[in-house]
Amino acid sequence: MIDSHALMINCVQHIECCCPVGGPQGGTMTPSVTVEGSEPLSNGRFRLDDPVEDARRLFDTARNGDGRAQARLALHRTSSASTPLEMKDALHTVAREMGFTGWRSFEQYVAELDAAERRGGDLVDGEQSTVHIRCGDDLREALPRCGLHGRCLTFADPFCVGPVQRPSSDDHFVEERSRFLAEALNLNPDQTLERQRREYRELGEVGVEERVVLWFEHDSYDQLILAYVLDHFGRRWPRVRLELVATDAIPGVRRFVGLGQLAPEVLGWLWERRKPVEETLLVLGRRAWRSISDETPEALDRLTQRNTPALPMLGRALRRHLLELPDEETGLGLSEQLIVQLVAERGPKPAGEIFRDLMLEREPLPYLGDSLFHWMLRPLLGGTSPVLRWHGDDDLPWQDRELAITDHGHAVLSGHQNWLDTHPPRRWVGGVPIDGDRQSWCLNKANGRPQRRPANSL
């Protein structure tokens with residue numbers, strides 16, 4: 001199962017827990033996410049009552065001489081320090097600590113969420129036949145609860161991993177992607193191919209008479225799929241009416257991972273802020289997809305060196321994708337390097353906890369789900385010179401088994417050995433093959449630009 005969104009969201013909502021992260025193998029590519037029971041700072045659904053009560057407690061505590069409460073108020077109060085504290089100072093402080101500019105902006109946001117909640121009983125997208133396209137199933141139940149009853153279409157091929165080469169034919173491309181996913185994630189090959197063919201077919205069947213609304217967030221999992229979708233619909237523009245809901249932040253949410261963590265009212269609020277897809281964004285999507293699927297990283301590097309004002313988050317995601325090229329000294333891509341560093345610092349430690357720590361603390365733009373994380377671990381644990389090893393009970397589920405670093409892993413992290421010299425299995429960064437048997441591409445440590453490395457001479 002490809003569960004990029006749900007497992008990361010689960011980690012964010014349960015940061016205090018050390019429970020293993022896992023999911024069933026099978027079913028849909030990306031499971032749905034529920035938000036009932038989520039903390040407000042995670043699902044984005046604020047109401048006025050609790051912050052008002054928090055502000056009152058803060059105000060009373062500060063008036064009773066509590067130093068910490070007084071320091072919090074002093075940091076944010078807008079009135080003169082020579083005047084007595086007022087309740088408005090506490091309200092302003094609480095709002096600032098939640099990430100708002102002040103209490104008025106918080107009140108306005110809550111009012112907009114309340115309005116979105118009231119619209120939930122209406123047919124909000126009913127003025128035109130509408131298709132909602134998402135790279136997973138995590139909004140299928142939530143969208144109707146905010147009045148969006150259009151057809152939901154899932155297109156969830158994770159181009160952030162595996163071969164993404166320019167196809168000789170569409171059928172060949174789908175077959176190659178399906179074969180990779182089935183092998184990498186231990187999925188049923190026939191079911192995987194059937195699912196992939198269905199998703200590509202349904203995307204191609206979206207009619208010109210329909211409004212198409214794209215729902216994507218900021219990570220490379222979403223943005224690389226969005227690039228493909230924009231390239232696909234760009235060939236039919238302006239006959240297709242395209243609109244985009246895309247965000248990398250939600251007011252008051254300290255760690256926004258994905259749309260699936262949000263309450264229906266917040267999705268309704270985002271719906272009101274959707275934007276029409278203009279030609280400039282379609283051109284960017286076409287350039288992005290061609291760069292992603294190129295056999296060299298040079299075009300992708302050139303694109304990431306420029307601003308992408310049509311959709312800045314796409315530029316950031318493309319740069320994060322480029323960082324999966326191996327480091328010239330260690331031979332590790334960024335995800336691999338972060339994993340090995342965490343195990344070196346904290347191991348032996350259960351793999352599920354390493355995954356949680358990676359997502360919450362180290363990964364600058366989280367995109368992996370637990371199944372993809374497990375897939376990424378396997379080469380690091382295999383071969384004649386692994387950089388990681390299992391420690392302890394072999395009978396436990398992989399999430400509960402402890403990871404430890406090897407001596408070779410220490411040598412690789414320090415740059416004394418290059419992992420590519422041990423002939424790891426070939427992997428891909430888009431259309432770029434990475435292995436130790438040819439002049440693989442890597443990233444120059446000094447300037448962060450792609451370059452060739454000498455072929456393995458061992």
# chains A, B, ... in the order shown; residues from 1 in each chain; ligands from 1
call {"tool": "residues_around", "arguments": {"residues": "range 230-235 of chain A", "least_positions_apart": "5", "cutoff": "8 Å", "atoms": "only C-alpha atoms", "output": "number ranges by chain"}}
result
A: 240, 281-283, 285-286, 289
call {"tool": "write_last_selection", "arguments": {"atoms": "N, CA and C atoms", "output": "short mmCIF file (atom, residue, chain, number, x, y, z; two decimals), in the first residue's frame"}}
result
data_model
loop_
_atom_site.label_atom_id
_atom_site.label_comp_id
_atom_site.auth_asym_id
_atom_site.auth_seq_id
_atom_site.Cartn_x
_atom_site.Cartn_y
_atom_site.Cartn_z
N VAL A 240 -10.75 22.48 -21.28
CA VAL A 240 -11.07 21.98 -19.95
C VAL A 240 -10.92 23.12 -18.94
N LEU A 281 0.84 28.42 -15.47
CA LEU A 281 1.02 27.23 -14.63
C LEU A 281 1.06 25.97 -15.49
N LEU A 282 0.27 25.91 -16.54
CA LEU A 282 0.32 24.75 -17.43
C LEU A 282 1.68 24.64 -18.11
N VAL A 283 2.25 25.76 -18.49
CA VAL A 283 3.59 25.75 -19.09
C VAL A 283 4.61 25.27 -18.08
N GLY A 285 4.00 23.30 -15.50
CA GLY A 285 3.77 21.87 -15.32
C GLY A 285 4.39 21.05 -16.43
N ARG A 286 4.27 21.54 -17.67
CA ARG A 286 4.85 20.81 -18.80
C ARG A 286 6.38 20.77 -18.68
N TRP A 289 7.34 18.33 -15.78
CA TRP A 289 7.21 16.92 -16.08
C TRP A 289 8.30 16.45 -17.05
#
call {"tool": "residues_around", "arguments": {"residues": "range 318-320 of chain A", "least_positions_apart": "5", "cutoff": "8 Å", "atoms": "only C-alpha atoms", "output": "list of chain:residue names"}}
result
A:Ser220, A:Gln223, A:Leu224, A:Ala288, A:Leu300, A:Asp301, A:Thr304, A:Leu365
call {"tool": "select_by_dssp", "arguments": {"residues": "range 236-311 of chain A", "states": "alpha helix (DSSP H)", "output": "list of chain:residue names"}}
result
A:Pro264, A:Glu265, A:Val266, A:Leu267, A:Gly268, A:Trp269, A:Leu270, A:Trp271, A:Glu279, A:Thr280, A:Leu281, A:Leu282, A:Val283, A:Leu284, A:Gly285, A:Arg286, A:Arg287, A:Ala288, A:Trp289, A:Arg290, A:Ser291, A:Ile292, A:Glu298, A:Ala299, A:Leu300, A:Asp301, A:Arg302, A:Leu303, A:Thr304
call {"tool": "write_last_selection", "arguments": {"atoms": "N, CA and C atoms", "output": "PDB file, in the first residue's frame"}}
result
ATOM      1  N   PRO A 264     -13.388  18.949   7.688  1.00  0.00           N
ATOM      2  CA  PRO A 264     -14.159  19.327   6.496  1.00  0.00           C
ATOM      3  C   PRO A 264     -14.364  20.836   6.364  1.00  0.00           C
ATOM      4  N   GLU A 265     -14.570  21.530   7.497  1.00  0.00           N
ATOM      5  CA  GLU A 265     -14.772  22.975   7.420  1.00  0.00           C
ATOM      6  C   GLU A 265     -13.546  23.687   6.844  1.00  0.00           C
ATOM      7  N   VAL A 266     -12.356  23.170   7.142  1.00  0.00           N
ATOM      8  CA  VAL A 266     -11.137  23.784   6.619  1.00  0.00           C
ATOM      9  C   VAL A 266     -11.014  23.502   5.124  1.00  0.00           C
ATOM     10  N   LEU A 267     -11.411  22.312   4.697  1.00  0.00           N
ATOM     11  CA  LEU A 267     -11.436  22.019   3.266  1.00  0.00           C
ATOM     12  C   LEU A 267     -12.423  22.936   2.552  1.00  0.00           C
ATOM     13  N   GLY A 268     -13.578  23.198   3.183  1.00  0.00           N
ATOM     14  CA  GLY A 268     -14.526  24.138   2.612  1.00  0.00           C
ATOM     15  C   GLY A 268     -13.959  25.539   2.527  1.00  0.00           C
ATOM     16  N   TRP A 269     -13.181  25.918   3.535  1.00  0.00           N
ATOM     17  CA  TRP A 269     -12.508  27.227   3.523  1.00  0.00           C
ATOM     18  C   TRP A 269     -11.499  27.294   2.384  1.00  0.00           C
ATOM     19  N   LEU A 270     -10.756  26.205   2.145  1.00  0.00           N
ATOM     20  CA  LEU A 270      -9.802  26.162   1.037  1.00  0.00           C
ATOM     21  C   LEU A 270     -10.519  26.209  -0.310  1.00  0.00           C
ATOM     22  N   TRP A 271     -11.675  25.541  -0.390  1.00  0.00           N
ATOM     23  CA  TRP A 271     -12.444  25.564  -1.637  1.00  0.00           C
ATOM     24  C   TRP A 271     -12.750  26.991  -2.059  1.00  0.00           C
ATOM     25  N   GLU A 279      -2.519  29.680 -18.077  1.00  0.00           N
ATOM     26  CA  GLU A 279      -1.566  29.117 -19.028  1.00  0.00           C
ATOM     27  C   GLU A 279      -0.154  29.080 -18.461  1.00  0.00           C
ATOM     28  N   THR A 280       0.225  30.068 -17.652  1.00  0.00           N
ATOM     29  CA  THR A 280       1.585  30.087 -17.093  1.00  0.00           C
ATOM     30  C   THR A 280       1.845  28.857 -16.220  1.00  0.00           C
ATOM     31  N   LEU A 281       0.844  28.419 -15.473  1.00  0.00           N
ATOM     32  CA  LEU A 281       1.020  27.233 -14.635  1.00  0.00           C
ATOM     33  C   LEU A 281       1.060  25.967 -15.490  1.00  0.00           C
ATOM     34  N   LEU A 282       0.273  25.913 -16.539  1.00  0.00           N
ATOM     35  CA  LEU A 282       0.317  24.753 -17.431  1.00  0.00           C
ATOM     36  C   LEU A 282       1.680  24.637 -18.108  1.00  0.00           C
ATOM     37  N   VAL A 283       2.246  25.762 -18.494  1.00  0.00           N
ATOM     38  CA  VAL A 283       3.592  25.755 -19.094  1.00  0.00           C
ATOM     39  C   VAL A 283       4.613  25.268 -18.075  1.00  0.00           C
ATOM     40  N   LEU A 284       4.493  25.741 -16.819  1.00  0.00           N
ATOM     41  CA  LEU A 284       5.394  25.281 -15.769  1.00  0.00           C
ATOM     42  C   LEU A 284       5.233  23.787 -15.542  1.00  0.00           C
ATOM     43  N   GLY A 285       4.004  23.302 -15.497  1.00  0.00           N
ATOM     44  CA  GLY A 285       3.770  21.873 -15.315  1.00  0.00           C
ATOM     45  C   GLY A 285       4.393  21.051 -16.431  1.00  0.00           C
ATOM     46  N   ARG A 286       4.272  21.535 -17.667  1.00  0.00           N
ATOM     47  CA  ARG A 286       4.854  20.809 -18.800  1.00  0.00           C
ATOM     48  C   ARG A 286       6.381  20.767 -18.677  1.00  0.00           C
ATOM     49  N   ARG A 287       6.986  21.901 -18.344  1.00  0.00           N
ATOM     50  CA  ARG A 287       8.445  21.929 -18.188  1.00  0.00           C
ATOM     51  C   ARG A 287       8.879  21.045 -17.030  1.00  0.00           C
ATOM     52  N   ALA A 288       8.127  21.073 -15.940  1.00  0.00           N
ATOM     53  CA  ALA A 288       8.476  20.258 -14.776  1.00  0.00           C
ATOM     54  C   ALA A 288       8.425  18.784 -15.120  1.00  0.00           C
ATOM     55  N   TRP A 289       7.341  18.332 -15.779  1.00  0.00           N
ATOM     56  CA  TRP A 289       7.210  16.920 -16.081  1.00  0.00           C
ATOM     57  C   TRP A 289       8.299  16.452 -17.046  1.00  0.00           C
ATOM     58  N   ARG A 290       8.602  17.260 -18.034  1.00  0.00           N
ATOM     59  CA  ARG A 290       9.662  16.887 -18.964  1.00  0.00           C
ATOM     60  C   ARG A 290      11.011  16.806 -18.257  1.00  0.00           C
ATOM     61  N   SER A 291      11.240  17.694 -17.294  1.00  0.00           N
ATOM     62  CA  SER A 291      12.494  17.668 -16.539  1.00  0.00           C
ATOM     63  C   SER A 291      12.557  16.450 -15.630  1.00  0.00           C
ATOM     64  N   ILE A 292      11.442  16.131 -14.983  1.00  0.00           N
ATOM     65  CA  ILE A 292      11.390  14.970 -14.085  1.00  0.00           C
ATOM     66  C   ILE A 292      11.694  13.684 -14.849  1.00  0.00           C
ATOM     67  N   GLU A 298      19.912  17.583 -15.631  1.00  0.00           N
ATOM     68  CA  GLU A 298      20.343  18.948 -15.938  1.00  0.00           C
ATOM     69  C   GLU A 298      19.163  19.903 -16.127  1.00  0.00           C
ATOM     70  N   ALA A 299      18.141  19.469 -16.850  1.00  0.00           N
ATOM     71  CA  ALA A 299      16.977  20.337 -17.049  1.00  0.00           C
ATOM     72  C   ALA A 299      16.268  20.599 -15.724  1.00  0.00           C
ATOM     73  N   LEU A 300      16.162  19.570 -14.887  1.00  0.00           N
ATOM     74  CA  LEU A 300      15.528  19.744 -13.577  1.00  0.00           C
ATOM     75  C   LEU A 300      16.330  20.707 -12.720  1.00  0.00           C
ATOM     76  N   ASP A 301      17.651  20.606 -12.783  1.00  0.00           N
ATOM     77  CA  ASP A 301      18.499  21.522 -12.025  1.00  0.00           C
ATOM     78  C   ASP A 301      18.302  22.948 -12.498  1.00  0.00           C
ATOM     79  N   ARG A 302      18.262  23.160 -13.808  1.00  0.00           N
ATOM     80  CA  ARG A 302      18.061  24.519 -14.329  1.00  0.00           C
ATOM     81  C   ARG A 302      16.723  25.087 -13.867  1.00  0.00           C
ATOM     82  N   LEU A 303      15.689  24.243 -13.871  1.00  0.00           N
ATOM     83  CA  LEU A 303      14.368  24.713 -13.452  1.00  0.00           C
ATOM     84  C   LEU A 303      14.352  25.084 -11.974  1.00  0.00           C
ATOM     85  N   THR A 304      15.050  24.309 -11.146  1.00  0.00           N
ATOM     86  CA  THR A 304      15.047  24.603  -9.704  1.00  0.00           C
ATOM     87  C   THR A 304      15.930  25.779  -9.346  1.00  0.00           C
TER      88      THR A 304
END
call {"tool": "closest_residue", "arguments": {"among": "A:Leu262, A:Leu368, A:Ala404, A:Ala71", "to": "Lys349 in chain A", "atoms": "only C-alpha atoms"}}
result
A:Ala404
call {"tool": "atom_distance", "arguments": {"atom1": "CA of Gly147 in chain A", "atom2": "CA of Asp122 in chain A"}}
result
5.3 Å
call {"tool": "closest_residue", "arguments": {"among": "A:Leu396, A:Leu58, A:Val340, A:Ala446", "to": "His410 in chain A", "atoms": "only C-alpha atoms"}}
result
A:Val340
call {"tool": "residues_around", "arguments": {"residues": "range 328-332 of chain A", "least_positions_apart": "6", "cutoff": "7 Å", "atoms": "only C-alpha atoms", "output": "NGL selection string"}}
result
:A and (412-413 or 415 or 417-420 or 442-445)
call {"tool": "select_by_dssp", "arguments": {"residues": "range 32-265 of chain A", "states": "strand (DSSP E or B)", "output": "NGL selection string"}}
result
:A and (130-134 or 151-154 or 211-216 or 241-246)
call {"tool": "residues_around", "arguments": {"residues": "range 198-203 of chain A", "least_positions_apart": "4", "cutoff": "10 Å", "atoms": "only C-alpha atoms", "output": "number ranges by chain"}}
result
A: 133, 153-157, 170-171, 174, 192-194, 207, 229, 232-233
call {"tool": "write_last_selection", "arguments": {"atoms": "C-alpha atoms", "output": "PDB file, in the first residue's frame"}}
result
ATOM      1  CA  ILE A 133      -8.793  14.928  -8.565  1.00  0.00           C
ATOM      2  CA  LEU A 153     -11.049  10.655  -8.949  1.00  0.00           C
ATOM      3  CA  THR A 154      -7.850   9.180  -7.519  1.00  0.00           C
ATOM      4  CA  PHE A 155      -4.582   9.417  -9.439  1.00  0.00           C
ATOM      5  CA  ALA A 156      -1.803   8.257  -7.124  1.00  0.00           C
ATOM      6  CA  ASP A 157       1.215   7.005  -9.075  1.00  0.00           C
ATOM      7  CA  ASP A 170       1.485   5.151 -22.687  1.00  0.00           C
ATOM      8  CA  ASP A 171       0.830   1.438 -22.214  1.00  0.00           C
ATOM      9  CA  VAL A 174       1.957   2.223 -17.129  1.00  0.00           C
ATOM     10  CA  THR A 192      -1.462  -3.326  -9.276  1.00  0.00           C
ATOM     11  CA  LEU A 193      -1.511  -3.226 -13.076  1.00  0.00           C
ATOM     12  CA  GLU A 194      -5.320  -3.210 -13.090  1.00  0.00           C
ATOM     13  CA  GLY A 207     -14.642  15.296 -20.225  1.00  0.00           C
ATOM     14  CA  VAL A 229      -1.618  16.094 -14.345  1.00  0.00           C
ATOM     15  CA  HIS A 232      -1.842  15.985 -19.275  1.00  0.00           C
ATOM     16  CA  PHE A 233      -4.554  18.656 -19.162  1.00  0.00           C
TER      17      PHE A 233
END
